[in-house]
$ cat query-v1.pdb   # PDB, C-alpha atoms
ATOM      1  CA  MET A  25      76.751 -35.393  10.561  1.00  0.00           C
ATOM      2  CA  LYS A  26      77.322 -31.637  10.893  1.00  0.00           C
ATOM      3  CA  ARG A  27      78.932 -31.530   7.405  1.00  0.00           C
ATOM      4  CA  VAL A  28      75.970 -33.389   5.916  1.00  0.00           C
ATOM      5  CA  ARG A  29      73.565 -30.834   7.411  1.00  0.00           C
ATOM      6  CA  GLN A  30      75.686 -27.965   6.106  1.00  0.00           C
ATOM      7  CA  LEU A  31      75.821 -29.512   2.639  1.00  0.00           C
ATOM      8  CA  LEU A  32      72.080 -30.152   2.694  1.00  0.00           C
ATOM      9  CA  ALA A  33      71.429 -26.558   3.799  1.00  0.00           C
ATOM     10  CA  PHE A  34      73.701 -25.270   1.015  1.00  0.00           C
ATOM     11  CA  VAL A  35      71.945 -27.386  -1.634  1.00  0.00           C
ATOM     12  CA  LEU A  36      68.535 -26.360  -0.329  1.00  0.00           C
ATOM     13  CA  MET A  37      69.509 -22.673  -0.394  1.00  0.00           C
ATOM     14  CA  GLY A  38      70.722 -23.073  -3.990  1.00  0.00           C
ATOM     15  CA  LEU A  39      67.426 -24.624  -5.023  1.00  0.00           C
ATOM     16  CA  ILE A  40      65.432 -21.885  -3.331  1.00  0.00           C
ATOM     17  CA  LEU A  41      67.496 -19.095  -4.850  1.00  0.00           C
ATOM     18  CA  SER A  42      67.401 -20.638  -8.325  1.00  0.00           C
ATOM     19  CA  SER A  43      63.610 -20.767  -8.148  1.00  0.00           C
ATOM     20  CA  CYS A  44      63.561 -17.034  -7.387  1.00  0.00           C
ATOM     21  CA  SER A  45      64.396 -16.173 -10.961  1.00  0.00           C
ATOM     22  CA  SER A  46      61.496 -15.380 -13.241  1.00  0.00           C
ATOM     23  CA  GLY A  47      63.500 -16.608 -16.198  1.00  0.00           C
ATOM     24  CA  GLN A  48      63.211 -13.135 -17.708  1.00  0.00           C
ATOM     25  CA  ASP A  49      65.700 -10.382 -18.132  1.00  0.00           C
ATOM     26  CA  TRP A  50      64.421  -7.059 -16.782  1.00  0.00           C
ATOM     27  CA  ARG A  51      65.571  -5.371 -20.009  1.00  0.00           C
ATOM     28  CA  THR A  52      63.190  -7.501 -22.090  1.00  0.00           C
ATOM     29  CA  ALA A  53      60.313  -7.825 -19.586  1.00  0.00           C
ATOM     30  CA  SER A  54      57.019  -6.274 -20.673  1.00  0.00           C
ATOM     31  CA  ARG A  55      56.527  -2.542 -20.103  1.00  0.00           C
ATOM     32  CA  GLU A  56      53.369  -2.390 -22.228  1.00  0.00           C
ATOM     33  CA  SER A  57      50.035  -1.020 -21.075  1.00  0.00           C
ATOM     34  CA  ALA A  58      47.967  -3.499 -19.072  1.00  0.00           C
ATOM     35  CA  GLY A  59      44.800  -1.983 -20.582  1.00  0.00           C
ATOM     36  CA  ILE A  60      43.453  -0.790 -17.216  1.00  0.00           C
ATOM     37  CA  ALA A  61      43.398   2.994 -17.650  1.00  0.00           C
ATOM     38  CA  PRO A  62      40.954   4.424 -20.175  1.00  0.00           C
ATOM     39  CA  ASP A  63      42.188   6.056 -23.361  1.00  0.00           C
ATOM     40  CA  PRO A  64      42.784   9.735 -22.529  1.00  0.00           C
ATOM     41  CA  TYR A  65      41.661  10.773 -26.035  1.00  0.00           C
ATOM     42  CA  VAL A  66      38.241   9.262 -25.364  1.00  0.00           C
ATOM     43  CA  THR A  67      37.833   9.851 -21.632  1.00  0.00           C
ATOM     44  CA  LYS A  68      37.684  13.580 -20.952  1.00  0.00           C
ATOM     45  CA  GLU A  69      37.128  13.496 -17.160  1.00  0.00           C
ATOM     46  CA  ALA A  70      39.956  13.916 -14.651  1.00  0.00           C
ATOM     47  CA  ILE A  71      41.409  10.664 -13.290  1.00  0.00           C
ATOM     48  CA  VAL A  72      43.909   9.706 -10.584  1.00  0.00           C
ATOM     49  CA  TYR A  73      45.147   6.154 -10.206  1.00  0.00           C
ATOM     50  CA  VAL A  74      47.477   4.650  -7.647  1.00  0.00           C
ATOM     51  CA  PHE A  75      48.948   1.451  -9.042  1.00  0.00           C
ATOM     52  CA  GLY A  76      50.954  -1.324  -7.456  1.00  0.00           C
ATOM     53  CA  ALA A  77      52.738  -4.251  -9.070  1.00  0.00           C
ATOM     54  CA  ASP A  78      54.951  -7.024  -7.790  1.00  0.00           C
ATOM     55  CA  ALA A  79      58.553  -5.909  -7.442  1.00  0.00           C
ATOM     56  CA  TRP A  80      61.089  -7.325  -9.901  1.00  0.00           C
ATOM     57  CA  GLY A  81      62.435 -10.853  -9.364  1.00  0.00           C
ATOM     58  CA  TRP A  82      62.347 -12.608  -6.009  1.00  0.00           C
ATOM     59  CA  ARG A  83      61.358  -9.380  -4.230  1.00  0.00           C
ATOM     60  CA  GLY A  84      57.948  -9.729  -5.862  1.00  0.00           C
ATOM     61  CA  TRP A  85      57.216 -12.633  -3.520  1.00  0.00           C
ATOM     62  CA  PHE A  86      56.651 -10.159  -0.718  1.00  0.00           C
ATOM     63  CA  ALA A  87      56.938  -6.579  -2.004  1.00  0.00           C
ATOM     64  CA  ILE A  88      55.270  -4.267  -4.491  1.00  0.00           C
ATOM     65  CA  HIS A  89      56.324  -1.131  -6.354  1.00  0.00           C
ATOM     66  CA  THR A  90      53.786   1.721  -6.348  1.00  0.00           C
ATOM     67  CA  TRP A  91      53.227   4.800  -8.497  1.00  0.00           C
ATOM     68  CA  ILE A  92      50.590   7.421  -9.244  1.00  0.00           C
ATOM     69  CA  ALA A  93      49.142   8.316 -12.644  1.00  0.00           C
ATOM     70  CA  ALA A  94      46.912  11.329 -13.247  1.00  0.00           C
ATOM     71  CA  LYS A  95      45.111  13.054 -16.103  1.00  0.00           C
ATOM     72  CA  ARG A  96      43.369  16.394 -15.738  1.00  0.00           C
ATOM     73  CA  THR A  97      40.030  17.130 -17.387  1.00  0.00           C
ATOM     74  CA  GLY A  98      40.444  17.288 -21.156  1.00  0.00           C
ATOM     75  CA  GLU A  99      44.118  16.225 -21.182  1.00  0.00           C
ATOM     76  CA  THR A 100      45.120  13.621 -23.739  1.00  0.00           C
ATOM     77  CA  VAL A 101      48.055  12.212 -21.788  1.00  0.00           C
ATOM     78  CA  TYR A 102      48.615  10.848 -18.299  1.00  0.00           C
ATOM     79  CA  THR A 103      51.329  12.166 -15.989  1.00  0.00           C
ATOM     80  CA  VAL A 104      53.127   9.466 -14.007  1.00  0.00           C
ATOM     81  CA  TYR A 105      54.701  10.151 -10.613  1.00  0.00           C
ATOM     82  CA  ASP A 106      57.225   7.623  -9.363  1.00  0.00           C
ATOM     83  CA  VAL A 107      60.608   6.894  -7.829  1.00  0.00           C
ATOM     84  CA  ILE A 108      63.015   4.426  -9.456  1.00  0.00           C
ATOM     85  CA  ASN A 109      66.474   3.760  -8.032  1.00  0.00           C
ATOM     86  CA  TRP A 110      67.866   2.399 -11.310  1.00  0.00           C
ATOM     87  CA  ARG A 111      67.866   5.889 -12.738  1.00  0.00           C
ATOM     88  CA  SER A 112      70.560   6.910 -10.234  1.00  0.00           C
ATOM     89  CA  TYR A 113      72.984   4.503 -11.935  1.00  0.00           C
ATOM     90  CA  ARG A 114      72.888   6.847 -14.947  1.00  0.00           C
ATOM     91  CA  ASN A 115      73.127  10.023 -12.876  1.00  0.00           C
ATOM     92  CA  GLN A 116      69.451  10.754 -13.479  1.00  0.00           C
ATOM     93  CA  PRO A 117      67.000  11.842 -10.786  1.00  0.00           C
ATOM     94  CA  ILE A 118      65.254   8.948  -9.065  1.00  0.00           C
ATOM     95  CA  MET A 119      62.009  10.909  -8.766  1.00  0.00           C
ATOM     96  CA  ARG A 120      60.170  11.304 -12.046  1.00  0.00           C
ATOM     97  CA  ILE A 121      57.144  13.311 -13.068  1.00  0.00           C
ATOM     98  CA  TYR A 122      56.583  12.700 -16.759  1.00  0.00           C
ATOM     99  CA  PRO A 123      53.994  11.952 -19.440  1.00  0.00           C
ATOM    100  CA  ASP A 124      53.763   8.190 -19.897  1.00  0.00           C
ATOM    101  CA  ILE A 125      51.570   5.126 -20.145  1.00  0.00           C
ATOM    102  CA  PRO A 126      49.806   5.082 -16.759  1.00  0.00           C
ATOM    103  CA  ASP A 127      49.300   1.339 -16.357  1.00  0.00           C
ATOM    104  CA  ARG A 128      52.548  -0.139 -17.656  1.00  0.00           C
ATOM    105  CA  TYR A 129      53.535  -3.611 -16.615  1.00  0.00           C
ATOM    106  CA  TRP A 130      56.224  -3.227 -13.967  1.00  0.00           C
ATOM    107  CA  PHE A 131      58.956  -5.196 -15.729  1.00  0.00           C
ATOM    108  CA  GLY A 132      56.648  -8.117 -16.462  1.00  0.00           C
ATOM    109  CA  ALA A 133      54.324  -7.773 -13.454  1.00  0.00           C
ATOM    110  CA  LYS A 134      50.769  -6.678 -14.185  1.00  0.00           C
ATOM    111  CA  PRO A 135      49.762  -3.609 -12.163  1.00  0.00           C
ATOM    112  CA  ARG A 136      46.661  -3.526 -10.030  1.00  0.00           C
ATOM    113  CA  VAL A 137      44.616  -0.510  -9.045  1.00  0.00           C
ATOM    114  CA  LEU A 138      45.126   0.404  -5.392  1.00  0.00           C
ATOM    115  CA  LYS A 139      42.962   3.533  -5.643  1.00  0.00           C
ATOM    116  CA  GLU A 140      41.004   5.376  -8.333  1.00  0.00           C
ATOM    117  CA  HIS A 141      39.392   8.809  -8.337  1.00  0.00           C
ATOM    118  CA  ARG A 142      37.437  10.158 -11.328  1.00  0.00           C
ATOM    119  CA  GLY A 143      35.318  13.133 -12.260  1.00  0.00           C
ATOM    120  CA  GLN A 144      34.364  16.290 -10.434  1.00  0.00           C
ATOM    121  CA  GLY A 145      36.893  17.593  -7.905  1.00  0.00           C
ATOM    122  CA  VAL A 146      39.712  15.387  -9.193  1.00  0.00           C
ATOM    123  CA  ASP A 147      41.529  18.263 -10.938  1.00  0.00           C
ATOM    124  CA  GLU A 148      42.041  19.815  -7.496  1.00  0.00           C
ATOM    125  CA  LEU A 149      43.204  16.451  -6.170  1.00  0.00           C
ATOM    126  CA  ILE A 150      45.754  16.272  -9.004  1.00  0.00           C
ATOM    127  CA  ASP A 151      47.013  19.759  -8.117  1.00  0.00           C
ATOM    128  CA  ALA A 152      47.524  18.598  -4.512  1.00  0.00           C
ATOM    129  CA  VAL A 153      49.315  15.413  -5.646  1.00  0.00           C
ATOM    130  CA  ASP A 154      51.596  17.445  -7.915  1.00  0.00           C
ATOM    131  CA  LYS A 155      52.415  19.903  -5.126  1.00  0.00           C
ATOM    132  CA  ALA A 156      53.154  17.047  -2.688  1.00  0.00           C
ATOM    133  CA  ALA A 157      55.354  15.261  -5.218  1.00  0.00           C
ATOM    134  CA  HIS A 158      57.416  18.387  -5.801  1.00  0.00           C
ATOM    135  CA  SER A 159      57.909  18.771  -2.036  1.00  0.00           C
ATOM    136  CA  TYR A 160      59.055  15.146  -1.536  1.00  0.00           C
ATOM    137  CA  PRO A 161      62.087  15.372   0.782  1.00  0.00           C
ATOM    138  CA  TRP A 162      64.104  12.395  -0.539  1.00  0.00           C
ATOM    139  CA  LYS A 163      64.282  13.246  -4.259  1.00  0.00           C
ATOM    140  CA  THR A 164      67.868  11.989  -4.589  1.00  0.00           C
ATOM    141  CA  THR A 165      67.946   9.272  -1.914  1.00  0.00           C
ATOM    142  CA  TYR A 166      66.904   5.655  -2.311  1.00  0.00           C
ATOM    143  CA  LYS A 167      67.283   2.620  -0.096  1.00  0.00           C
ATOM    144  CA  ALA A 168      65.265  -0.527  -0.758  1.00  0.00           C
ATOM    145  CA  PHE A 169      64.865  -1.201   2.959  1.00  0.00           C
ATOM    146  CA  PRO A 170      63.736   0.425   5.152  1.00  0.00           C
ATOM    147  CA  GLY A 171      63.382   3.346   2.729  1.00  0.00           C
ATOM    148  CA  PRO A 172      63.091   5.893   1.323  1.00  0.00           C
ATOM    149  CA  ASN A 173      61.955   4.099  -1.834  1.00  0.00           C
ATOM    150  CA  SER A 174      59.087   4.093  -4.338  1.00  0.00           C
ATOM    151  CA  ASN A 175      56.566   3.193  -1.652  1.00  0.00           C
ATOM    152  CA  THR A 176      57.901   5.929   0.637  1.00  0.00           C
ATOM    153  CA  PHE A 177      57.181   8.363  -2.210  1.00  0.00           C
ATOM    154  CA  THR A 178      53.591   7.177  -2.650  1.00  0.00           C
ATOM    155  CA  ALA A 179      53.041   7.158   1.130  1.00  0.00           C
ATOM    156  CA  TRP A 180      54.475  10.693   1.390  1.00  0.00           C
ATOM    157  CA  ILE A 181      51.986  11.951  -1.169  1.00  0.00           C
ATOM    158  CA  THR A 182      49.161  10.111   0.604  1.00  0.00           C
ATOM    159  CA  ARG A 183      50.044  11.760   3.921  1.00  0.00           C
ATOM    160  CA  GLN A 184      50.194  15.202   2.258  1.00  0.00           C
ATOM    161  CA  VAL A 185      46.939  14.597   0.373  1.00  0.00           C
ATOM    162  CA  PRO A 186      44.630  12.682   2.726  1.00  0.00           C
ATOM    163  CA  GLU A 187      41.785  13.179   0.205  1.00  0.00           C
ATOM    164  CA  LEU A 188      43.397  10.337  -1.774  1.00  0.00           C
ATOM    165  CA  ALA A 189      41.958   8.084   0.953  1.00  0.00           C
ATOM    166  CA  LEU A 190      44.605   5.456   0.276  1.00  0.00           C
ATOM    167  CA  ASP A 191      45.754   2.728   2.626  1.00  0.00           C
ATOM    168  CA  LEU A 192      48.833   1.102   1.134  1.00  0.00           C
ATOM    169  CA  PRO A 193      49.058  -2.669   1.621  1.00  0.00           C
ATOM    170  CA  PHE A 194      51.583  -4.298   3.959  1.00  0.00           C
ATOM    171  CA  SER A 195      53.593  -5.356   0.890  1.00  0.00           C
ATOM    172  CA  ALA A 196      54.349  -1.694   0.134  1.00  0.00           C
ATOM    173  CA  ILE A 197      57.631  -2.004   2.001  1.00  0.00           C
ATOM    174  CA  GLY A 198      59.049   1.412   2.823  1.00  0.00           C
ATOM    175  CA  SER A 199      55.660   3.101   3.093  1.00  0.00           C
ATOM    176  CA  GLY A 200      56.183   3.610   6.815  1.00  0.00           C
ATOM    177  CA  TYR A 201      59.639   5.115   6.426  1.00  0.00           C
ATOM    178  CA  VAL A 202      60.270   8.079   8.707  1.00  0.00           C
ATOM    179  CA  GLU A 203      63.630   9.838   8.831  1.00  0.00           C
TER
END
$ encode --input "query-v1.pdb" --output "structure tokens"
Amino acid sequence: MKRVRQLLAFVLMGLILSSCSSGQDWRTASRESAGIAPDPYVTKEAIVYVFGADAWGWRGWFAIHTWIAAKRTGETVYTVYDVINWRSYRNQPIMRIYPDIPDRYWFGAKPRVLKEHRGQGVDELIDAVDKAAHSYPWKTTYKAFPGPNSNTFTAWITRQVPELALDLPFSAIGSGYVE
């Protein structure tokens, strides 16, 4: 009877794990704009977004990846602030601050807006976000759990810039990381 239970548990685990696959390869998953952020050529005001999207694969059942996108008044491009562990595999920094599409699908997962600030006073908010990002203490360290990770980065900026008025959701695993 014990062997039957073990076999049943093994088969059940296999079924559960096989259903965790999205059927997509991360290399071919969508990284296109989700059409959330306004066109920076048309929208002249300053904007800050905090986005979150389901993590890749089975992790997306319970965890999100977060990042910040900002555009100062009159700029025609967004700057994206994020942390991605995969970059370390190529000896690249895991923390990135770069011009990019602000609302990209996160490897097939549509982002959602966690916070948005627009208009007057947002340029100063962007300056504070940029300063906090540059002072992030774990620029070369990444650990999915308990952190530091992408959510630790966003939470760090939020703690340094309380004017963001952002409460990260429970699914932002790593946001409570403290060394």
$ closest_residue --input "query-v1.pdb" --among "A:Ser174, A:Gln116, A:Asn109, A:Thr164" --to "Phe75 (chain A)" --atoms "all atoms listed in the file"
A:Ser174
$ residues_around --input "query-v1.pdb" --residues "region 140-150 of chain A" --least-positions-apart "6" --cutoff "7 Å" --atoms "all atoms listed in the file" --output "number ranges by chain"
A: 69-74, 94, 96-97
$ residues_near_point --input "query-v1.pdb" --point "(68.8, -1.1, -1.8)" --cutoff "12 Å" --atoms "only C-alpha atoms" --output "VMD selection string"
chain A and resid 83 108 to 110 112 165 to 174 197 to 198
$ write_last_selection --input "query-v1.pdb" --atoms "C-alpha atoms" --output "PDB file, keeping the file's coordinate frame"
ATOM      1  CA  ARG A  83      61.358  -9.380  -4.230  1.00  0.00           C
ATOM      2  CA  ILE A 108      63.015   4.426  -9.456  1.00  0.00           C
ATOM      3  CA  ASN A 109      66.474   3.760  -8.032  1.00  0.00           C
ATOM      4  CA  TRP A 110      67.866   2.399 -11.310  1.00  0.00           C
ATOM      5  CA  SER A 112      70.560   6.910 -10.234  1.00  0.00           C
ATOM      6  CA  THR A 165      67.946   9.272  -1.914  1.00  0.00           C
ATOM      7  CA  TYR A 166      66.904   5.655  -2.311  1.00  0.00           C
ATOM      8  CA  LYS A 167      67.283   2.620  -0.096  1.00  0.00           C
ATOM      9  CA  ALA A 168      65.265  -0.527  -0.758  1.00  0.00           C
ATOM     10  CA  PHE A 169      64.865  -1.201   2.959  1.00  0.00           C
ATOM     11  CA  PRO A 170      63.736   0.425   5.152  1.00  0.00           C
ATOM     12  CA  GLY A 171      63.382   3.346   2.729  1.00  0.00           C
ATOM     13  CA  PRO A 172      63.091   5.893   1.323  1.00  0.00           C
ATOM     14  CA  ASN A 173      61.955   4.099  -1.834  1.00  0.00           C
ATOM     15  CA  SER A 174      59.087   4.093  -4.338  1.00  0.00           C
ATOM     16  CA  ILE A 197      57.631  -2.004   2.001  1.00  0.00           C
ATOM     17  CA  GLY A 198      59.049   1.412   2.823  1.00  0.00           C
TER      18      GLY A 198
END
$ closest_residue --input "query-v1.pdb" --among "A:Pro64, A:Pro161, A:Pro193, A:Gly76" --to "Met119 (chain A)" --atoms "all atoms listed in the file"
A:Pro161
$ closest_residue --input "query-v1.pdb" --among "A:Ala77, A:Val66, A:Ala157, A:Leu192" --to "Trp130 (chain A)" --atoms "all atoms listed in the file"
A:Ala77
$ atom_distance --input "query-v1.pdb" --atom1 "CA of Trp82 (chain A)" --atom2 "CA of Val107 (chain A)"
19.7 Å
